[in-house]
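Heads up, the thing below is written out as structure tokens.
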Amino acid sequence: MVNRYVVAAAALALTVTGACGGSGSSSSSGGGEKKLTLIQGIANEPFYISMYCGAKAEAARLGARLSVQAPAQWDVAQQTQVVTSVAASRPGAVLIAPVDKDAMAGPIRQLSGNGSKVVFVDTELSDPSMGLSRISSDNRLGGRLAAQTLAKLIGDKGKVMVLAPTRGIATTDDRVGGFKEELGRHPGISLVFEQYPGDDAGKTTEVVNAALSRNPDLDGIFGSNLVTGEGAAASLKQARKVGSVKMVEFDASPKQVEDLKAGTIQALISQEPLEIGRQGVDQAVNALDGKPVTKRIKTQLVAVTKDNVDSPDIAKYLYKQTC
Ligand code: T6T
């Protein structure tokens, strides 16, 4: 089963014109209309849709032209195709979420080589010399918060598993790292599985089904992103383990919130994708205007539970399916 957020097209390209509209000539710095391109990690997925919503509103406020492109799947070859095509169009600035912190360095060099300002949003590259700004959650802290939350849910003892799409994604690598670091402070809890099924809900469901049959006494699961979380929740339903296996997931898609309210899962560690998109546009426009750029910006995280999911101050942490 293919992740249901994947679209058939190889890349999704949408263009939003800022307040000034018009087709003016692009400019990588100084006068003329500012052309920005957002390259998401994957198309048609609530975290990146929400990021685009934040970026779109900020681009309109600042009078910049924003287009968005994304690979249909979380895949280096597909994102490289998108990067190469965007590099050829020479936008003034590119906001990008690299799908691999090392393999995407080569393709992304094309962007800066062609004169585009590069800003990392959400994920980033290992090479600290690349990118003018990096805007993301504090993912290591988020992983630790997930472990603290899961430990409380299982009475600080038992067997747990952690899921991430694949190794090499800056964000989920840090979440898994933070989760394992915090587990080290809970001697009564053992990590029995660390699995990487890909950014694919269906494959995640199969992996968790297998883990549950090998370990029927599993007590808790941490899904380190939206897609692995949704896949794991589907497995708990199939295995009739809802409530007996406690689940903490990163992100807060409409489906995840539905599972939280239904009691299938017990907590979400949610991010601020709209704010990440907004800040990415701000830093890109600062770079184009020759103004100071902030190198690193950390946005907020919150643990969402059945008790607080409907409170007004949580609303900004819940993801959108459309802008
Ligand atoms: O968790 C987000 C994002 O922060 C991560 O880098 C990749 O997965 C998501 O897009 C959710 O699917």
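Ligands are numbered from 1 in the order shown, residues from 1 within each chain, and chains are lettered A, B, ... in the order they appear in the structure tokens.
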Exercise: Glu258 in chain A partners within 12 Å, only C-alpha atoms, chain neighbours under 3 positions left out, as a list in words: Glu230, Ala233, Ala252, Ser253, Pro254, Lys255, Lys261, Ala262, Gly263, Thr264, Ile265, Gln266, Ala267, Leu268, Thr305, Lys306, Val309, Asp310, Leu318 and Tyr319 of chain A
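Taking only C-alpha atoms and all ligand atoms into account, the residues that come within 7 Å of ligand 1 are A:Gly41, A:Glu45, A:Phe47, A:Tyr48, A:Asp122, A:Thr123, A:Ile169, A:Thr171, A:Thr172, A:Ser224, A:Asn225, A:Leu226, A:Val227, A:Phe250, A:Asp251.
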Mind writing the picked residues with all heavy atoms as a tab-separated table (two decimals), in the first residue's frame?
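Full text of again_26.tsv as output:
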```tsv
chain	number	residue	atom	x	y	z
A	41	GLY	N	9.64	18.10	1.31
A	41	GLY	CA	10.21	16.76	1.34
A	41	GLY	C	9.36	15.74	0.60
A	41	GLY	O	9.85	14.77	0.03
A	45	GLU	N	1.23	16.27	1.79
A	45	GLU	CA	1.33	15.67	3.13
A	45	GLU	C	1.11	16.80	4.14
A	45	GLU	O	1.69	17.89	3.97
A	45	GLU	CB	2.72	15.03	3.24
A	45	GLU	CG	2.97	14.27	4.50
A	45	GLU	CD	3.78	15.10	5.48
A	45	GLU	OE1	3.47	16.27	5.67
A	45	GLU	OE2	4.73	14.56	6.03
A	47	PHE	N	2.01	18.00	7.00
A	47	PHE	CA	3.07	18.83	7.59
A	47	PHE	C	3.57	19.84	6.57
A	47	PHE	O	3.65	21.05	6.83
A	47	PHE	CB	4.24	17.97	8.08
A	47	PHE	CG	5.41	18.77	8.57
A	47	PHE	CD1	5.45	19.25	9.87
A	47	PHE	CD2	6.47	19.08	7.72
A	47	PHE	CE1	6.53	20.01	10.32
A	47	PHE	CE2	7.55	19.85	8.15
A	47	PHE	CZ	7.57	20.31	9.46
A	48	TYR	N	3.85	19.38	5.37
A	48	TYR	CA	4.40	20.29	4.34
A	48	TYR	C	3.33	21.18	3.72
A	48	TYR	O	3.61	22.31	3.31
A	48	TYR	CB	5.14	19.49	3.27
A	48	TYR	CG	6.46	18.97	3.77
A	48	TYR	CD1	6.67	17.61	3.97
A	48	TYR	CD2	7.49	19.83	4.09
A	48	TYR	CE1	7.87	17.13	4.47
A	48	TYR	CE2	8.70	19.38	4.59
A	48	TYR	CZ	8.88	18.03	4.78
A	48	TYR	OH	10.07	17.56	5.28
A	122	ASP	N	12.77	22.80	8.15
A	122	ASP	CA	12.52	21.45	8.68
A	122	ASP	C	13.81	20.63	8.65
A	122	ASP	O	14.58	20.65	9.62
A	122	ASP	CB	11.37	20.77	7.92
A	122	ASP	CG	11.07	19.38	8.41
A	122	ASP	OD1	10.96	19.21	9.64
A	122	ASP	OD2	10.99	18.46	7.58
A	123	THR	N	14.08	19.92	7.61
A	123	THR	CA	15.32	19.12	7.57
A	123	THR	C	16.49	20.01	7.09
A	123	THR	O	16.29	21.14	6.66
A	123	THR	CB	15.17	17.95	6.58
A	123	THR	OG1	14.83	18.50	5.31
A	123	THR	CG2	14.12	16.95	7.04
A	169	ILE	N	17.70	11.12	7.63
A	169	ILE	CA	16.83	12.31	7.64
A	169	ILE	C	17.19	13.10	8.91
A	169	ILE	O	17.06	12.58	10.02
A	169	ILE	CB	15.34	11.93	7.67
A	169	ILE	CG1	14.97	11.02	6.50
A	169	ILE	CG2	14.46	13.18	7.69
A	169	ILE	CD1	13.55	10.46	6.56
A	171	THR	N	15.93	15.35	10.76
A	171	THR	CA	14.93	15.53	11.81
A	171	THR	C	14.64	14.23	12.57
A	171	THR	O	14.75	14.18	13.80
A	171	THR	CB	13.62	16.04	11.19
A	171	THR	OG1	13.30	15.20	10.07
A	171	THR	CG2	13.74	17.49	10.75
A	172	THR	N	14.29	13.19	11.83
A	172	THR	CA	13.91	11.95	12.54
A	172	THR	C	15.13	11.26	13.14
A	172	THR	O	15.01	10.62	14.18
A	172	THR	CB	13.14	10.99	11.59
A	172	THR	OG1	13.84	10.87	10.35
A	172	THR	CG2	11.73	11.53	11.32
A	224	SER	N	8.17	8.32	14.91
A	224	SER	CA	8.90	9.61	14.94
A	224	SER	C	8.49	10.58	13.84
A	224	SER	O	9.11	11.64	13.67
A	224	SER	CB	10.41	9.35	14.84
A	224	SER	OG	10.71	8.81	13.57
A	225	ASN	N	7.47	10.20	13.05
A	225	ASN	CA	6.88	11.21	12.15
A	225	ASN	C	5.46	10.80	11.78
A	225	ASN	O	4.99	9.73	12.15
A	225	ASN	CB	7.77	11.43	10.92
A	225	ASN	CG	7.51	10.43	9.81
A	225	ASN	OD1	7.25	9.25	10.07
A	225	ASN	ND2	7.56	10.89	8.58
A	226	LEU	N	4.79	11.69	11.08
A	226	LEU	CA	3.37	11.54	10.74
A	226	LEU	C	3.09	10.21	10.08
A	226	LEU	O	2.19	9.45	10.47
A	226	LEU	CB	3.03	12.71	9.81
A	226	LEU	CG	1.67	12.96	9.25
A	226	LEU	CD1	1.56	14.44	8.83
A	226	LEU	CD2	1.33	12.09	8.07
A	227	VAL	N	3.89	9.86	9.06
A	227	VAL	CA	3.57	8.68	8.24
A	227	VAL	C	3.80	7.39	9.02
A	227	VAL	O	2.95	6.49	9.03
A	227	VAL	CB	4.40	8.71	6.93
A	227	VAL	CG1	4.20	7.43	6.14
A	227	VAL	CG2	4.00	9.92	6.09
A	250	PHE	N	5.02	11.68	16.54
A	250	PHE	CA	5.38	13.06	16.19
A	250	PHE	C	4.36	13.56	15.18
A	250	PHE	O	3.81	12.78	14.41
A	250	PHE	CB	6.78	13.12	15.57
A	250	PHE	CG	7.67	14.15	16.21
A	250	PHE	CD1	8.41	13.87	17.35
A	250	PHE	CD2	7.75	15.43	15.69
A	250	PHE	CE1	9.24	14.81	17.93
A	250	PHE	CE2	8.58	16.40	16.26
A	250	PHE	CZ	9.32	16.09	17.39
A	251	ASP	N	4.08	14.86	15.21
A	251	ASP	CA	3.19	15.53	14.25
A	251	ASP	C	1.73	15.51	14.69
A	251	ASP	O	1.37	14.86	15.68
A	251	ASP	CB	3.35	14.94	12.82
A	251	ASP	CG	4.74	15.24	12.26
A	251	ASP	OD1	5.16	16.41	12.34
A	251	ASP	OD2	5.40	14.30	11.79
```
Selection: 7 Å around Ile135 in chain A, only C-alpha atoms, excl. self and same-chain fewer than 6 positions, as a ChimeraX atom specification: /A:120-122,276,280,296-298
File of the preceding selection, C-alpha atoms, as a CSV table (one decimal), in the first residue's frame:
```csv
chain,number,residue,atom,x,y,z
A,120,PHE,CA,16.7,25.0,5.1
A,121,VAL,CA,13.2,24.5,6.4
A,122,ASP,CA,12.5,21.5,8.7
A,276,ILE,CA,8.7,27.3,9.9
A,280,GLY,CA,11.8,30.6,6.0
A,296,ARG,CA,19.4,29.1,13.2
A,297,ILE,CA,15.8,29.4,14.3
A,298,LYS,CA,14.1,26.8,16.6
```
Range 107-158 of chain A near range 76-87 of chain A within 12 Å: what's each residue's closest atom pair and its distance in Å to one decimal, counting only C-alpha atoms, ordered by chain then ascending residue number, as a Markdown table?
```
| residue | atom | partner | partner_atom | distance |
| --- | --- | --- | --- | --- |
| A:Pro107 | CA | A:Thr80 | CA | 5.9 |
| A:Ile108 | CA | A:Val83 | CA | 6.8 |
| A:Arg109 | CA | A:Ala87 | CA | 9.4 |
| A:Gln110 | CA | A:Ala87 | CA | 6.2 |
| A:Leu111 | CA | A:Ala87 | CA | 4.9 |
| A:Ser112 | CA | A:Ala87 | CA | 8.4 |
| A:Gly113 | CA | A:Ala87 | CA | 8.7 |
| A:Asn114 | CA | A:Ala87 | CA | 6.5 |
| A:Gly115 | CA | A:Ala87 | CA | 8.9 |
| A:Ser116 | CA | A:Ala87 | CA | 7.8 |
| A:Lys117 | CA | A:Ala87 | CA | 10.9 |
| A:Val118 | CA | A:Ala87 | CA | 10.9 |
```
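The strand (DSSP E or B) portion of range 149-291 of chain A consists of Gly158, Lys159, Val160, Met161, Val162, Leu163, Ile189, Ser190, Leu191, Val192, Phe193, Glu194, Gln195, Gly220, Ile221, Phe222, Gly223, Val242, Val245, Lys246, Met247, Val248, Glu249, Phe250, Ala267, Leu268, Ile269 and Ser270 of chain A, with states taken from DSSP on the backbone.
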Those of range 85-242 of chain A in DSSP alpha helix (DSSP H), formatted as a PyMOL selection string: chain A and resi 85-89+105-113+139-153+170-183+201-214+226-238
Contacts of range 181-189 of chain A within 12 Å, only C-alpha atoms, excl. fewer than 3 positions in-chain, as a VMD selection string: chain A and resid 140 to 162 174 to 178 192 218 to 222
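A straight line drawn from CA of Tyr196 in chain A to CA of Gly223 in chain A is 10.3 Å long.
CA of Trp74 in chain A sits 14.3 Å away from CA of Thr204 in chain A.
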Contacts of Leu274 in chain A at 9 Å (only C-alpha atoms; same-chain gap of 6+ positions) as a list in words: Phe47, Tyr48, Ile49, Ser50, Met51, Tyr52, Cys53, Gly54, Ala55, Lys316, Tyr317 and Tyr319 of chain A
Hey, can you spit out that residue selection with N, CA and C atoms as a PDB file, in the first residue's frame?
```pdb
ATOM      1  N   PHE A  47       2.011  18.005   6.998  1.00  0.00           N
ATOM      2  CA  PHE A  47       3.069  18.834   7.595  1.00  0.00           C
ATOM      3  C   PHE A  47       3.566  19.844   6.565  1.00  0.00           C
ATOM      4  N   TYR A  48       3.850  19.383   5.365  1.00  0.00           N
ATOM      5  CA  TYR A  48       4.404  20.288   4.342  1.00  0.00           C
ATOM      6  C   TYR A  48       3.330  21.180   3.724  1.00  0.00           C
ATOM      7  N   ILE A  49       2.090  20.702   3.710  1.00  0.00           N
ATOM      8  CA  ILE A  49       0.997  21.581   3.269  1.00  0.00           C
ATOM      9  C   ILE A  49       0.894  22.759   4.241  1.00  0.00           C
ATOM     10  N   SER A  50       0.967  22.460   5.531  1.00  0.00           N
ATOM     11  CA  SER A  50       0.896  23.526   6.552  1.00  0.00           C
ATOM     12  C   SER A  50       2.085  24.473   6.438  1.00  0.00           C
ATOM     13  N   MET A  51       3.272  23.919   6.174  1.00  0.00           N
ATOM     14  CA  MET A  51       4.458  24.772   5.991  1.00  0.00           C
ATOM     15  C   MET A  51       4.225  25.727   4.816  1.00  0.00           C
ATOM     16  N   TYR A  52       3.664  25.181   3.737  1.00  0.00           N
ATOM     17  CA  TYR A  52       3.389  26.002   2.546  1.00  0.00           C
ATOM     18  C   TYR A  52       2.379  27.104   2.881  1.00  0.00           C
ATOM     19  N   CYS A  53       1.383  26.763   3.704  1.00  0.00           N
ATOM     20  CA  CYS A  53       0.369  27.774   4.079  1.00  0.00           C
ATOM     21  C   CYS A  53       1.031  28.957   4.785  1.00  0.00           C
ATOM     22  N   GLY A  54       1.950  28.658   5.692  1.00  0.00           N
ATOM     23  CA  GLY A  54       2.643  29.733   6.407  1.00  0.00           C
ATOM     24  C   GLY A  54       3.525  30.544   5.470  1.00  0.00           C
ATOM     25  N   ALA A  55       4.235  29.835   4.576  1.00  0.00           N
ATOM     26  CA  ALA A  55       5.129  30.523   3.627  1.00  0.00           C
ATOM     27  C   ALA A  55       4.328  31.379   2.656  1.00  0.00           C
ATOM     28  N   LYS A 316      -2.865  26.215  16.870  1.00  0.00           N
ATOM     29  CA  LYS A 316      -1.792  26.530  15.895  1.00  0.00           C
ATOM     30  C   LYS A 316      -0.847  25.354  15.675  1.00  0.00           C
ATOM     31  N   TYR A 317      -0.956  24.326  16.543  1.00  0.00           N
ATOM     32  CA  TYR A 317      -0.078  23.152  16.390  1.00  0.00           C
ATOM     33  C   TYR A 317      -0.754  22.031  15.601  1.00  0.00           C
ATOM     34  N   TYR A 319      -2.244  20.414  12.158  1.00  0.00           N
ATOM     35  CA  TYR A 319      -1.886  20.610  10.761  1.00  0.00           C
ATOM     36  C   TYR A 319      -3.104  20.724   9.854  1.00  0.00           C
TER      37      TYR A 319
END
```
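You will find CA of Leu212 in chain A at 16.9 Å from CA of Ala164 in chain A.
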8 Å contact set for Leu38 in chain A, only C-alpha atoms, chain neighbours under 3 positions out, as an MDAnalysis selection string: chainID A and resid 52 66:69 94:96
Kindly save the residues from that selection, with N, CA and C atoms included, as a compact mmCIF listing (two decimals), in the first residue's frame.
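The result, stored in selection-v9.txt:
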```
# COMPACT_ATOMS: atom_id res chain seq x y z
N TYR A 52 3.66 25.18 3.74
CA TYR A 52 3.39 26.00 2.55
C TYR A 52 2.38 27.10 2.88
N LEU A 66 5.87 33.24 -4.67
CA LEU A 66 6.27 31.94 -4.12
C LEU A 66 5.72 30.82 -5.00
N SER A 67 6.61 29.91 -5.41
CA SER A 67 6.12 28.68 -6.05
C SER A 67 6.54 27.51 -5.16
N VAL A 68 5.83 26.38 -5.33
CA VAL A 68 6.14 25.22 -4.48
C VAL A 68 6.25 23.98 -5.36
N GLN A 69 7.25 23.17 -5.06
CA GLN A 69 7.46 21.92 -5.78
C GLN A 69 7.79 20.83 -4.77
N VAL A 94 15.65 29.80 -2.51
CA VAL A 94 14.99 28.49 -2.41
C VAL A 94 14.92 28.09 -0.94
N LEU A 95 13.70 27.71 -0.51
CA LEU A 95 13.51 27.13 0.82
C LEU A 95 13.39 25.63 0.56
N ILE A 96 14.23 24.81 1.20
CA ILE A 96 14.21 23.38 0.90
C ILE A 96 14.31 22.53 2.15
```
